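Following: one structure in structure tokens, then a few remarks.
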Amino acid sequence: MAIEITRPGKYSLAVGTPVLPAAGTLGFGDRYKRLLDLSKLGALITNPVTLVPWNPASGARVVPLDAGFLLHTGLPNPGLKKVIRQYQNTWSRLSIPVILHLVGTSAPDMLRACARLDEVEAIAAVELGLSDDCTVADALAIIDAARSLEKPLLVRLPFFECMQLALPAADAGADALVLTAAPRGTVRDTASGRLTSGRVYGPLVKPMILRLVGRLRRQIPADVPIIGCGGIHSPQDARDYIEAGAVAVQVDAATWAQPKMLERIGRDLGGWIATRQRNALLDEWHPDMGTTEALQRRMPSEDQAESN
Amino acid sequence: MAIEITRPGKYSLAVGTPVLPAAGTLGFGDRYKRLLDLSKLGALITNPVTLVPWNPASGARVVPLDAGFLLHTGLPNPGLKKVIRQYQNTWSRLSIPVILHLVGTSAPDMLRACARLDEVEAIAAVELGLSDDCTVADALAIIDAARSLEKPLLVRLPFFECMQLALPAADAGADALVLTAAPRGTVRDTASGRLTSGRVYGPLVKPMILRLVGRLRRQIPADVPIIGCGGIHSPQDARDYIEAGAVAVQVDAATWAQPKMLERIGRDLGGWIATRQRNALLDEWHPDMGTTEALQRRMPSEDQAESN
Amino acid sequence: MKETQAYIERIRRVNREYQRLDLAVDDSLANIQAGQALLVRRIEKDYEAEVWDPYLRELWFPVEAQARSILVVEQRARQPFLPGQLLSIIGPVGSPIRLRQKLRNILLIAHDSSPAALLFMLSPLLARDVSITLVLMGAARQYEASHLPEALELIRAEDNLGWNDMVMTLGWADQIFVLGTPGEELASFAKILRLVRSRRTVLPPRFIYGMLQRQLPCGLGACHACMVNTRQGHKLQCVDGPAFDLTTLRLE
Amino acid sequence: MKETQAYIERIRRVNREYQRLDLAVDDSLANIQAGQALLVRRIEKDYEAEVWDPYLRELWFPVEAQARSILVVEQRARQPFLPGQLLSIIGPVGSPIRLRQKLRNILLIAHDSSPAALLFMLSPLLARDVSITLVLMGAARQYEASHLPEALELIRAEDNLGWNDMVMTLGWADQIFVLGTPGEELASFAKILRLVRSRRTVLPPRFIYGMLQRQLPCGLGACHACMVNTRQGHKLQCVDGPAFDLTTLRLE
Ligand SMILES: Cc1cc2nc3c(=O)[nH]c(=O)nc-3n(C[C@H](O)[C@H](O)[C@H](O)COP(=O)(O)OP(=O)(O)OC[C@H]3O[C@@H](n4cnc5c(N)ncnc54)[C@H](O)[C@@H]3O)c2cc1C
Ligand SMILES: Cc1cc2nc3c(=O)[nH]c(=O)nc-3n(C[C@H](O)[C@H](O)[C@H](O)COP(=O)(O)OP(=O)(O)OC[C@H]3O[C@@H](n4cnc5c(N)ncnc54)[C@H](O)[C@@H]3O)c2cc1C
Ligand SMILES: Cc1cc2nc3c(=O)[nH]c(=O)nc-3n(C[C@H](O)[C@H](O)[C@H](O)COP(=O)(O)O)c2cc1C
Ligand SMILES: Cc1cc2nc3c(=O)[nH]c(=O)nc-3n(C[C@H](O)[C@H](O)[C@H](O)COP(=O)(O)O)c2cc1C
Ligand code: FES
Ligand code: FES
């Protein structure tokens, strides 16, 4: 199976499995090796990278919510130069393509970043992240500069602004649209008692973004693929995005709660699961059980439970 | 306490308590009488009304989600004329002002509806609901027509479009902005297996709308009050909106899960709770217990529980 | 219609699949009648510190009344309940079903649905010597019925929704109540109605009823999410229902 | 670092406020050391049919190891657990704390926090005849400690964070580990550090550590939500921590 997740043309990216980790989820590819099988995913998307180093945000970073949470990291990273130096060997050894997530700060930054990125063979494509505060004009200038890249360019749109930005971004040369970055929200941090802002994650985000995907699929040119992202927590969630018109999906925070879920969604949509029969290869369809298999070892049998 | 929830001027509406039921929550004022004390709220907002009768939606209406649900009613109602005939006596007898929620269909509809609404003394103000698909131009035409009303005009903005519509709506003469209507989403209806659309309710909606309130409070003219609405499930949620710059709040779906919560939020923000001491007037701060008081009657005492 | 509290007084496993919960309820629920239901939410001592999943109240039809303030409900055995669990109840929701005065034979049909919503009328009807036939159709054929009164005639339909003696059963019945496929109730009613019409050409008013079991957001006529179309105009499941005359309900 | 399953083997109430859970864990956790923790999620048999509230994994510091594959954790007694409950565990998370070789006196401080994260080292240290002082400060003064080893010297601080013999305790200590106020850990560390500095002018490296207990989204260095600033650059609580030398951690 080869699925083109970017616009056909001079630069195009095909993946074997239409399931990717969202930027910020898996780090730079070296962290989750022991918890999931990256080869079951379509590509690795890296953590967000900026041209110059960024510091972590101060204050509350994680606030639990009902069936979700708020996260504000400030996108700390050591800057593009150092990231490339540190990880390009790791990336070369991966069996799947690497998509670098580049934070879209300004047009001049983008020109410089793209020149550097073109030199790195281990990077197959770039995903551009746009700020929530960015106007249509800003966005176009940033995309235009990033278009200097000689690799496929995916553009990830902010949640609230995506209806406005999608068509202009496609016209400006985005090879794929990622809908959307996690929505921003404000919550009361219970520890400090202060209102604090960040991104909101949880299953309830999915209905809103799924609708945006359905609507935008009917509005933007058919040759620009849409990649759905937001609130995916099960293979069925991922399939819903595909049905709504996405060519592939990105899974974000669910990976932290259930790392194997990302792999399981990859196996499912990548056609890796051949059977779902009971007593079929355990590793294939209960991949999350790892090596423990406590279930078999010690669970009270069904019958015992029934006779209580 | 008198809180002006609309722009000061020729027509203005003051309420005693900055807590209102969102449109669609309490019906037309006759249904919740036995479950909560309406006099503890600032006003009644009616179910949405259209100039001509609307039929209920077909297909799935309610789909449970994680910590929330999707609702699609189609806003069925017998049309403005019949609603007024049927309920104006009920409204006259209420001790709180009545705000009629009018669905903003078209400018000519609005002109006709407003002429009729001006005749009804029992209606203190009108809240205009705008469609999610409405362009800025449509919205302005509808608001402009509704401005013919000789009563205060609140405008409730759709979720995704509210950053774009807020300033134009204020300039066009909205006496208050309600932020926002419940966001639209698409989910898979488990019963039919089909993708289905509607509005999404649940606590996770609050962070996103709270942020919008905070941002828009800094952008729109200070004399146009903002009323916050979305995901309020506790007095603290309501206070968060006030801190973010709202002058009052609307509580929606939480009322169905815990009817007394709406009253409790009203009591809390309306200054009705004088004490929170144990053994204080039970009815005052456990209003949800109604007349049963099963807790006192039969709960195992704390000490028993501790000694298990 | 009131919001009151109740607690789970006792839990009995009645068979492999089901348990029955005895609820100690408020006096205002003492006179609840067949067809009426409870909107239930589990609560903790501190009403504010709620868990929001599940969000909406569940619709529970009582299956039996024991003492004045004990209502029995039937739940899947795998649902975890504990004695002493506090409940918040809005009820009674809906209108009592209207049984004929001179009822001798009643036919109850559960299609793809647990028959629980039909069971509250069993004891009173058996006490009146009414003969009761319960037909389990579709997925409902798997319902374990060992705990139901022996006086009840129990029929498990065949694959095609028919059963032996169907013509006779339908001919004898003075009144029929039908439960339909969850999420597809109207389609399910339409099927059963076709089946009945194929055996009885004339269906008098108040002869065959469909009972709706949709989840109700408000339960008291405010939200209008439970509206149905009838030949007499729009009706609400939570106020006018749950039982609607199938010859007047618009089933498309 | 692995994802494995465990189950709750036994539950013991150790006093009015706390219970201890014996977890039967995978062999890969057999060598977990003081400072390391588990990221825990309750699961059902069907891993996909999850409840998403709470969403993130909880950070559990073991307080004791029993048999090779039994880890004990301490939880509030009002948290409802049942024996047999299945858990999904990612761990061990973090790096072991670095105790001095020639440790004779160790000072443990819990400020507004349960001391649970410090308890795993008690048995090994007592076995080595190290004298241990545990100071409970602020809200931690309410911690019920009746179940802790008697050999432990327990001090409940006064209102102002000081205590009798503070100068002596601080003077004798070879090493200090501090837990801070949840959500305000850095501010809390700064306070304690000021207190210690006011009694000991020279703080050698690897003498006083703060142990972070923030909620960790990923727990393995991917999300960067747990980053802290140190004089040696950015570090991650989940990889380089949880213990950081308070003289190098940037506390503003
Ligand atoms: C004059 C008029 C009459 C109307 N009458 C009715 C009425 O009787 N009943 C009613 O419900 N609405 C009615 N509407 C409203 C109209 O249907 C709304 O505009 C629509 O429901 C808006 O939904 P949405 O914005 O969420 O759109 P969308 O999310 O785009 O959804 C539109 C429809 O497409 C389906 N859908 C969405 N995404 C997908 C996908 N990826 N794959 C498959 N299907 C998908 C949804 O199920 C939905 O029904 C009427 C509107 C007008 C102007
Ligand atoms: C050059 C540059 C440097 C930056 N450096 C950093 C950095 O070091 N760390 C960082 O976190 N971000 C940084 N930012 C990002 C900037 O803070 C973001 O624009 C902001 O966080 C966006 O948040 P928001 O869109 O959610 O805005 P808002 O929701 O408007 O929030 C802005 C701030 O106001 C507060 N707030 C919001 N509503 C209320 C309210 N009603 N009452 C009280 N307070 C409220 C929030 O706590 C939030 O911190 C930087 C941006 C730029 C351009
Ligand atoms: C134009 C721009 C400039 C930013 N500059 C900084 C910065 O200098 N330091 C920083 O920590 N974060 C900076 N941020 C990051 C924001 O604070 C914010 O954290 C980021 O957009 C993602 O937020 P999240 O961590 O909540 O996902 C910047 C963001 C944008 C869009
Ligand atoms: C301009 C407009 C026209 C609509 N016309 C109808 C209609 O004729 N019949 C109908 O049932 N609903 C109609 N709707 C209602 C929509 O279907 C939708 O249900 C409504 O906007 C609110 O949806 P909700 O029930 O999910 O809150 C209309 C909505 C708009 C905005
Ligand atoms: S459930 Fe709300 S009107 Fe029936
Ligand atoms: S918790 Fe994700 S990097 Fe530490």
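Residues are named by chain letter and number: chains run A, B, ... in the order of the structure tokens, numbers start at 1 in each chain, and ligands are numbered from 1 in the order shown.
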**Prompt:** Hey, what does DSSP flag as strand (DSSP E) within range 17-251 of chain C? Can you give it to me as JSON, numbers by chain?
**Reply:** {"C": [18, 19, 20, 21, 22, 23, 24, 37, 38, 39, 40, 41, 42, 43, 58, 59, 60, 62, 63, 64, 65, 70, 71, 72, 73, 74, 75, 76, 86, 87, 88, 89, 90, 91, 92, 93, 105, 106, 107, 108, 109, 110, 111, 131, 132, 133, 134, 135, 136, 137, 153, 154, 155, 156, 175, 176, 177, 178, 179, 208, 209, 210, 211, 227, 228, 229, 230, 233, 234, 235, 236, 243, 244, 245]}
**Message:** I want to know what sits within 6 Å of range 99-112 of chain B, based on only C-alpha atoms, with residues of the same chain fewer than 6 positions away left out; could you give that as a PyMOL selection string?
**Reply:** chain B and resi 44-46+48-50+123-130+141-142+145-146
Only N, CA and C atoms, please: the residues just picked out, written as a compact mmCIF listing (two decimals), in the first residue's frame.
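Listed below is the output, part.txt:
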# COMPACT_ATOMS: atom_id res chain seq x y z
N LEU B 44 -35.22 34.70 32.27
CA LEU B 44 -35.49 33.47 31.52
C LEU B 44 -35.14 33.73 30.06
N ILE B 45 -34.33 32.86 29.47
CA ILE B 45 -34.17 32.92 28.01
C ILE B 45 -34.97 31.74 27.45
N THR B 46 -35.81 32.04 26.48
CA THR B 46 -36.71 31.00 25.96
C THR B 46 -35.97 30.07 25.01
N PRO B 48 -35.33 28.56 21.30
CA PRO B 48 -35.27 29.30 20.03
C PRO B 48 -36.62 29.30 19.32
N VAL B 49 -36.95 30.46 18.76
CA VAL B 49 -38.22 30.63 18.06
C VAL B 49 -37.93 31.16 16.66
N THR B 50 -38.67 30.67 15.69
CA THR B 50 -38.54 31.17 14.33
C THR B 50 -39.84 31.84 13.92
N ILE B 123 -42.18 40.44 27.06
CA ILE B 123 -40.81 40.15 26.59
C ILE B 123 -39.94 41.38 26.84
N ALA B 124 -38.90 41.19 27.66
CA ALA B 124 -38.07 42.32 28.06
C ALA B 124 -36.96 42.59 27.05
N ALA B 125 -36.50 41.56 26.38
CA ALA B 125 -35.39 41.72 25.44
C ALA B 125 -35.41 40.55 24.48
N VAL B 126 -34.60 40.66 23.42
CA VAL B 126 -34.51 39.60 22.42
C VAL B 126 -33.06 39.17 22.27
N GLU B 127 -32.85 37.85 22.23
CA GLU B 127 -31.52 37.34 21.91
C GLU B 127 -31.59 36.77 20.51
N LEU B 128 -30.70 37.27 19.64
CA LEU B 128 -30.69 36.85 18.25
C LEU B 128 -29.66 35.74 18.08
N GLY B 129 -30.07 34.61 17.48
CA GLY B 129 -29.12 33.52 17.20
C GLY B 129 -28.71 33.56 15.75
N LEU B 130 -27.42 33.50 15.49
CA LEU B 130 -26.94 33.54 14.10
C LEU B 130 -26.52 32.15 13.67
N ALA B 141 -26.66 42.20 7.90
CA ALA B 141 -28.00 42.49 7.39
C ALA B 141 -29.06 42.04 8.41
N ILE B 142 -28.83 40.88 8.99
CA ILE B 142 -29.81 40.36 9.96
C ILE B 142 -29.83 41.21 11.22
N ALA B 145 -31.53 44.53 10.56
CA ALA B 145 -32.99 44.42 10.56
C ALA B 145 -33.51 44.25 11.98
N ALA B 146 -32.83 43.43 12.77
CA ALA B 146 -33.29 43.17 14.14
C ALA B 146 -33.18 44.43 15.00
**Request:** For ligand 1, list the contacting residues at 7 Å or closer, counting only C-alpha atoms and all ligand atoms, as JSON, numbers by chain.
**Result:** {"A": [211, 214, 215, 243, 244, 245], "B": [55, 56, 57, 58, 74, 132, 133, 184, 185, 186, 195, 196, 197, 198]}
**Item:** Distance criterion (only C-alpha atoms): nearest to chain B out of A:Leu204, A:Ala176, A:Ala248, A:Val63
**Value:**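 Under the stated criterion, the closest residue is A:Leu204.
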Interface, chain C side, toward chain A (12 Å; only C-alpha atoms) as a CSV table (one decimal) with N, CA and C atoms, in the first residue's frame:
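Now in out-v4.csv:
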chain,number,residue,atom,x,y,z
C,11,ILE,N,-29.0,-5.7,46.0
C,11,ILE,CA,-28.7,-6.1,44.6
C,11,ILE,C,-28.8,-7.6,44.5
C,12,ARG,N,-29.6,-8.1,43.6
C,12,ARG,CA,-29.8,-9.5,43.4
C,12,ARG,C,-29.4,-9.9,42.0
C,13,ARG,N,-28.6,-10.9,41.9
C,13,ARG,CA,-28.3,-11.4,40.5
C,13,ARG,C,-29.5,-12.4,40.2
C,14,VAL,N,-30.3,-12.1,39.2
C,14,VAL,CA,-31.4,-12.9,38.9
C,14,VAL,C,-31.1,-14.0,37.9
C,15,ASN,N,-30.1,-13.8,37.0
C,15,ASN,CA,-29.6,-14.9,36.2
C,15,ASN,C,-28.2,-14.6,35.6
C,16,ARG,N,-27.8,-15.3,34.7
C,16,ARG,CA,-26.4,-15.0,34.2
C,16,ARG,C,-26.2,-13.6,33.7
C,17,GLU,N,-27.2,-13.1,33.1
C,17,GLU,CA,-27.1,-11.8,32.4
C,17,GLU,C,-27.5,-10.6,33.1
C,18,TYR,N,-28.5,-10.8,34.1
C,18,TYR,CA,-29.1,-9.6,34.7
C,18,TYR,C,-29.1,-9.6,36.2
C,19,GLN,N,-29.1,-8.4,36.7
C,19,GLN,CA,-29.2,-8.2,38.2
C,19,GLN,C,-30.4,-7.3,38.4
C,49,ALA,N,-19.0,17.6,43.1
C,49,ALA,CA,-17.8,17.0,42.6
C,49,ALA,C,-18.2,15.8,41.8
C,50,GLU,N,-18.9,16.1,40.7
C,50,GLU,CA,-19.4,15.0,39.9
C,50,GLU,C,-18.5,14.5,38.8
C,51,VAL,N,-18.6,13.4,38.4
C,51,VAL,CA,-17.9,12.8,37.2
C,51,VAL,C,-18.9,13.1,36.1
C,52,TRP,N,-18.4,13.5,35.0
C,52,TRP,CA,-19.3,13.9,33.8
C,52,TRP,C,-19.3,12.9,32.7
C,53,ASP,N,-19.0,11.7,33.1
C,53,ASP,CA,-19.0,10.6,32.1
C,53,ASP,C,-19.6,9.4,32.8
C,54,PRO,N,-20.8,8.9,32.5
C,54,PRO,CA,-21.7,9.4,31.4
C,54,PRO,C,-22.3,10.8,31.8
C,55,TYR,N,-22.6,11.6,30.8
C,55,TYR,CA,-23.1,12.9,31.0
C,55,TYR,C,-24.6,13.0,31.3
C,76,ARG,N,-28.0,-5.0,33.4
C,76,ARG,CA,-27.0,-6.0,33.0
C,76,ARG,C,-26.2,-6.3,34.2
C,77,ALA,N,-25.8,-7.6,34.3
C,77,ALA,CA,-25.1,-8.0,35.5
C,77,ALA,C,-23.7,-7.4,35.5
C,78,ARG,N,-23.1,-7.1,34.3
C,78,ARG,CA,-21.8,-6.6,34.3
C,78,ARG,C,-21.7,-5.1,34.7
C,80,PRO,N,-21.4,-2.4,37.1
C,80,PRO,CA,-20.9,-2.4,38.5
C,80,PRO,C,-21.8,-1.5,39.4
**Item:** Using only C-alpha atoms: which of C:Ala24, C:Val178, C:Leu59, C:Ile192 has the shortest distance to Gly94 in chain C
**Value:**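 With only C-alpha atoms as the atom set, the closest residue is C:Leu59.
Using only C-alpha atoms, the contacts of Leu87 in chain C at a cut-off of 9 Å, with sequence neighbours closer than 2 positions omitted, comprise Thr4, Gln5, Ala6, Tyr7, Ile8, Leu23, Val40, Arg41, Arg42, Ile43, Glu44, Gln85 and Ile89 of chain C.
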Go ahead and dump the residues you just picked, all heavy atoms, as an mmCIF file, in the first residue's frame.
data_model
loop_
_atom_site.group_PDB
_atom_site.id
_atom_site.type_symbol
_atom_site.label_atom_id
_atom_site.label_comp_id
_atom_site.auth_asym_id
_atom_site.auth_seq_id
_atom_site.Cartn_x
_atom_site.Cartn_y
_atom_site.Cartn_z
ATOM 1 N N THR C 4 -35.398 13.933 43.280
ATOM 2 C CA THR C 4 -35.252 13.374 44.626
ATOM 3 C C THR C 4 -34.025 12.477 44.670
ATOM 4 O O THR C 4 -33.427 12.195 43.645
ATOM 5 C CB THR C 4 -36.485 12.547 45.021
ATOM 6 O OG1 THR C 4 -36.660 11.510 44.048
ATOM 7 C CG2 THR C 4 -37.739 13.401 45.087
ATOM 8 N N GLN C 5 -33.704 12.037 45.867
ATOM 9 C CA GLN C 5 -32.585 11.109 45.997
ATOM 10 C C GLN C 5 -33.081 9.718 46.340
ATOM 11 O O GLN C 5 -34.138 9.547 46.933
ATOM 12 C CB GLN C 5 -31.608 11.589 47.077
ATOM 13 C CG GLN C 5 -30.855 12.829 46.647
ATOM 14 C CD GLN C 5 -29.820 13.243 47.663
ATOM 15 O OE1 GLN C 5 -29.777 12.731 48.774
ATOM 16 N NE2 GLN C 5 -28.990 14.190 47.269
ATOM 17 N N ALA C 6 -32.306 8.731 45.963
ATOM 18 C CA ALA C 6 -32.626 7.349 46.296
ATOM 19 C C ALA C 6 -31.307 6.654 46.558
ATOM 20 O O ALA C 6 -30.245 7.214 46.285
ATOM 21 C CB ALA C 6 -33.361 6.669 45.142
ATOM 22 N N TYR C 7 -31.359 5.454 47.111
ATOM 23 C CA TYR C 7 -30.121 4.695 47.172
ATOM 24 C C TYR C 7 -30.421 3.248 46.848
ATOM 25 O O TYR C 7 -31.571 2.800 46.896
ATOM 26 C CB TYR C 7 -29.410 4.842 48.521
ATOM 27 C CG TYR C 7 -30.263 4.477 49.674
ATOM 28 C CD1 TYR C 7 -30.328 3.161 50.121
ATOM 29 C CD2 TYR C 7 -31.046 5.426 50.315
ATOM 30 C CE1 TYR C 7 -31.142 2.803 51.164
ATOM 31 C CE2 TYR C 7 -31.870 5.083 51.352
ATOM 32 C CZ TYR C 7 -31.907 3.773 51.777
ATOM 33 O OH TYR C 7 -32.740 3.418 52.787
ATOM 34 N N ILE C 8 -29.377 2.543 46.494
ATOM 35 C CA ILE C 8 -29.524 1.130 46.151
ATOM 36 C C ILE C 8 -29.534 0.346 47.442
ATOM 37 O O ILE C 8 -28.550 0.306 48.170
ATOM 38 C CB ILE C 8 -28.383 0.664 45.227
ATOM 39 C CG1 ILE C 8 -28.417 1.472 43.933
ATOM 40 C CG2 ILE C 8 -28.507 -0.833 44.950
ATOM 41 C CD1 ILE C 8 -27.293 1.138 42.965
ATOM 42 N N LEU C 23 -34.357 -0.134 44.757
ATOM 43 C CA LEU C 23 -34.072 1.263 45.045
ATOM 44 C C LEU C 23 -35.004 1.768 46.128
ATOM 45 O O LEU C 23 -36.225 1.637 46.011
ATOM 46 C CB LEU C 23 -34.275 2.116 43.797
ATOM 47 C CG LEU C 23 -33.638 1.625 42.497
ATOM 48 C CD1 LEU C 23 -33.904 2.635 41.376
ATOM 49 C CD2 LEU C 23 -32.148 1.419 42.696
ATOM 50 N N VAL C 40 -31.994 8.823 35.886
ATOM 51 C CA VAL C 40 -31.144 8.495 37.023
ATOM 52 C C VAL C 40 -29.700 8.923 36.799
ATOM 53 O O VAL C 40 -29.147 8.784 35.709
ATOM 54 C CB VAL C 40 -31.168 6.966 37.267
ATOM 55 C CG1 VAL C 40 -30.269 6.590 38.442
ATOM 56 C CG2 VAL C 40 -32.585 6.506 37.500
ATOM 57 N N ARG C 41 -29.104 9.420 37.837
ATOM 58 C CA ARG C 41 -27.705 9.808 37.832
ATOM 59 C C ARG C 41 -27.065 9.347 39.129
ATOM 60 O O ARG C 41 -27.604 9.584 40.198
ATOM 61 C CB ARG C 41 -27.653 11.330 37.764
ATOM 62 C CG ARG C 41 -26.345 11.871 37.425
ATOM 63 C CD ARG C 41 -26.403 13.375 37.163
ATOM 64 N NE ARG C 41 -25.031 13.759 37.020
ATOM 65 C CZ ARG C 41 -24.332 13.552 35.925
ATOM 66 N NH1 ARG C 41 -24.917 13.094 34.851
ATOM 67 N NH2 ARG C 41 -23.062 13.846 35.885
ATOM 68 N N ARG C 42 -25.930 8.659 39.044
ATOM 69 C CA ARG C 42 -25.224 8.285 40.274
ATOM 70 C C ARG C 42 -24.588 9.537 40.864
ATOM 71 O O ARG C 42 -23.994 10.317 40.143
ATOM 72 C CB ARG C 42 -24.110 7.278 39.964
ATOM 73 C CG ARG C 42 -24.630 6.033 39.290
ATOM 74 C CD ARG C 42 -23.523 5.022 39.111
ATOM 75 N NE ARG C 42 -23.852 4.168 37.975
ATOM 76 C CZ ARG C 42 -23.290 2.998 37.731
ATOM 77 N NH1 ARG C 42 -22.365 2.533 38.550
ATOM 78 N NH2 ARG C 42 -23.640 2.280 36.695
ATOM 79 N N ILE C 43 -24.709 9.703 42.138
ATOM 80 C CA ILE C 43 -24.078 10.877 42.750
ATOM 81 C C ILE C 43 -23.235 10.462 43.948
ATOM 82 O O ILE C 43 -23.410 9.388 44.521
ATOM 83 C CB ILE C 43 -25.107 11.942 43.206
ATOM 84 C CG1 ILE C 43 -26.147 11.335 44.155
ATOM 85 C CG2 ILE C 43 -25.792 12.558 42.020
ATOM 86 C CD1 ILE C 43 -27.105 12.370 44.715
ATOM 87 N N GLU C 44 -22.303 11.335 44.297
ATOM 88 C CA GLU C 44 -21.498 11.161 45.502
ATOM 89 C C GLU C 44 -22.128 12.009 46.589
ATOM 90 O O GLU C 44 -23.097 12.707 46.359
ATOM 91 C CB GLU C 44 -20.065 11.626 45.244
ATOM 92 C CG GLU C 44 -19.407 10.966 44.060
ATOM 93 C CD GLU C 44 -19.394 9.443 44.193
ATOM 94 O OE1 GLU C 44 -19.225 8.951 45.321
ATOM 95 O OE2 GLU C 44 -19.572 8.758 43.171
ATOM 96 N N GLN C 85 -25.090 2.899 47.130
ATOM 97 C CA GLN C 85 -24.851 3.916 46.102
ATOM 98 C C GLN C 85 -26.016 4.899 46.072
ATOM 99 O O GLN C 85 -27.167 4.500 45.994
ATOM 100 C CB GLN C 85 -24.710 3.223 44.748
ATOM 101 C CG GLN C 85 -24.774 4.133 43.542
ATOM 102 C CD GLN C 85 -23.527 4.972 43.363
ATOM 103 O OE1 GLN C 85 -22.445 4.437 43.235
ATOM 104 N NE2 GLN C 85 -23.680 6.291 43.384
ATOM 105 N N ILE C 89 -32.664 11.192 41.209
ATOM 106 C CA ILE C 89 -33.715 10.736 40.298
ATOM 107 C C ILE C 89 -34.631 11.891 39.918
ATOM 108 O O ILE C 89 -35.078 12.645 40.781
ATOM 109 C CB ILE C 89 -34.553 9.610 40.955
ATOM 110 C CG1 ILE C 89 -33.678 8.365 41.129
ATOM 111 C CG2 ILE C 89 -35.795 9.294 40.121
ATOM 112 C CD1 ILE C 89 -34.418 7.175 41.711
#
**Request:** Check every protein, DNA and RNA residue against ligand 5, keep those with an atom at most 6 Å away (counting only C-alpha atoms and all ligand atoms), and present them as a PyMOL selection string.
**Result:** chain C and resi 216-226+236-238
So that I can check the surroundings of Gln88 in chain A, please list as a CSV table (one decimal) with C-alpha atoms, in the first residue's frame every protein, DNA and RNA residue that reaches within 10 Å of it, counting only C-alpha atoms and ignoring chain neighbours fewer than 3 positions away.
chain,number,residue,atom,x,y,z
A,28,PHE,CA,12.5,13.3,17.8
A,83,VAL,CA,18.2,19.4,16.4
A,84,ILE,CA,19.6,18.4,13.0
A,85,ARG,CA,23.1,17.7,14.3
A,91,TRP,CA,16.4,9.6,11.4
A,92,SER,CA,18.6,8.0,8.7
A,93,ARG,CA,18.3,4.6,10.5
A,98,VAL,CA,10.7,11.7,8.7
A,120,VAL,CA,19.4,17.2,5.2
A,121,GLU,CA,18.6,14.0,3.3
A,122,ALA,CA,17.1,12.3,6.3
A,123,ILE,CA,14.2,14.7,6.3
**Message:** Quick check for you: according to DSSP on this backbone, which residues of range 26-251 of chain D are classed as helix (DSSP H, G or I)? Reply as a ChimeraX atom specification.
**Reply:** /D:27-29,115-127,138-142,166-172,185-197
Next, the residues of the selection above should be written as a CSV table (one decimal), in the first residue's frame with C-alpha atoms.
chain,number,residue,atom,x,y,z
D,27,ASP,CA,9.7,-8.6,36.3
D,28,SER,CA,11.0,-5.6,34.4
D,29,LEU,CA,10.1,-3.5,37.5
D,115,PRO,CA,6.1,11.9,52.0
D,116,ALA,CA,5.2,8.8,50.0
D,117,ALA,CA,7.9,9.6,47.3
D,118,LEU,CA,10.6,9.4,50.0
D,119,LEU,CA,9.5,6.2,51.7
D,120,PHE,CA,11.0,3.7,49.3
D,121,MET,CA,14.5,4.3,50.6
D,122,LEU,CA,13.6,3.8,54.3
D,123,SER,CA,14.1,0.0,54.6
D,124,PRO,CA,17.4,-0.2,52.7
D,125,LEU,CA,18.8,2.8,54.7
D,126,LEU,CA,17.6,1.4,58.0
D,127,ALA,CA,19.3,-1.9,57.1
D,138,GLY,CA,3.0,22.9,56.3
D,139,ALA,CA,0.0,20.8,55.3
D,140,ALA,CA,2.1,17.7,55.6
D,141,ARG,CA,2.0,18.1,59.4
D,142,GLN,CA,-1.4,16.4,59.2
D,166,MET,CA,16.4,22.6,63.6
D,167,VAL,CA,20.0,23.9,63.8
D,168,MET,CA,21.2,20.5,65.0
D,169,THR,CA,19.2,18.5,62.5
D,170,LEU,CA,20.5,20.6,59.6
D,171,GLY,CA,24.0,20.5,61.0
D,172,TRP,CA,24.1,16.7,61.3
D,185,GLU,CA,7.2,23.0,43.9
D,186,LEU,CA,9.9,25.4,42.8
D,187,ALA,CA,8.6,28.2,45.2
D,188,SER,CA,8.5,25.6,47.9
D,189,PHE,CA,12.1,24.5,47.2
D,190,ALA,CA,13.2,28.1,47.3
D,191,LYS,CA,11.7,28.5,50.8
D,192,ILE,CA,13.4,25.4,52.2
D,193,LEU,CA,16.7,26.3,50.5
D,194,ARG,CA,16.6,29.7,52.2
D,195,LEU,CA,15.9,28.0,55.5
D,196,VAL,CA,18.8,25.6,55.1
D,197,ARG,CA,21.2,28.3,53.8
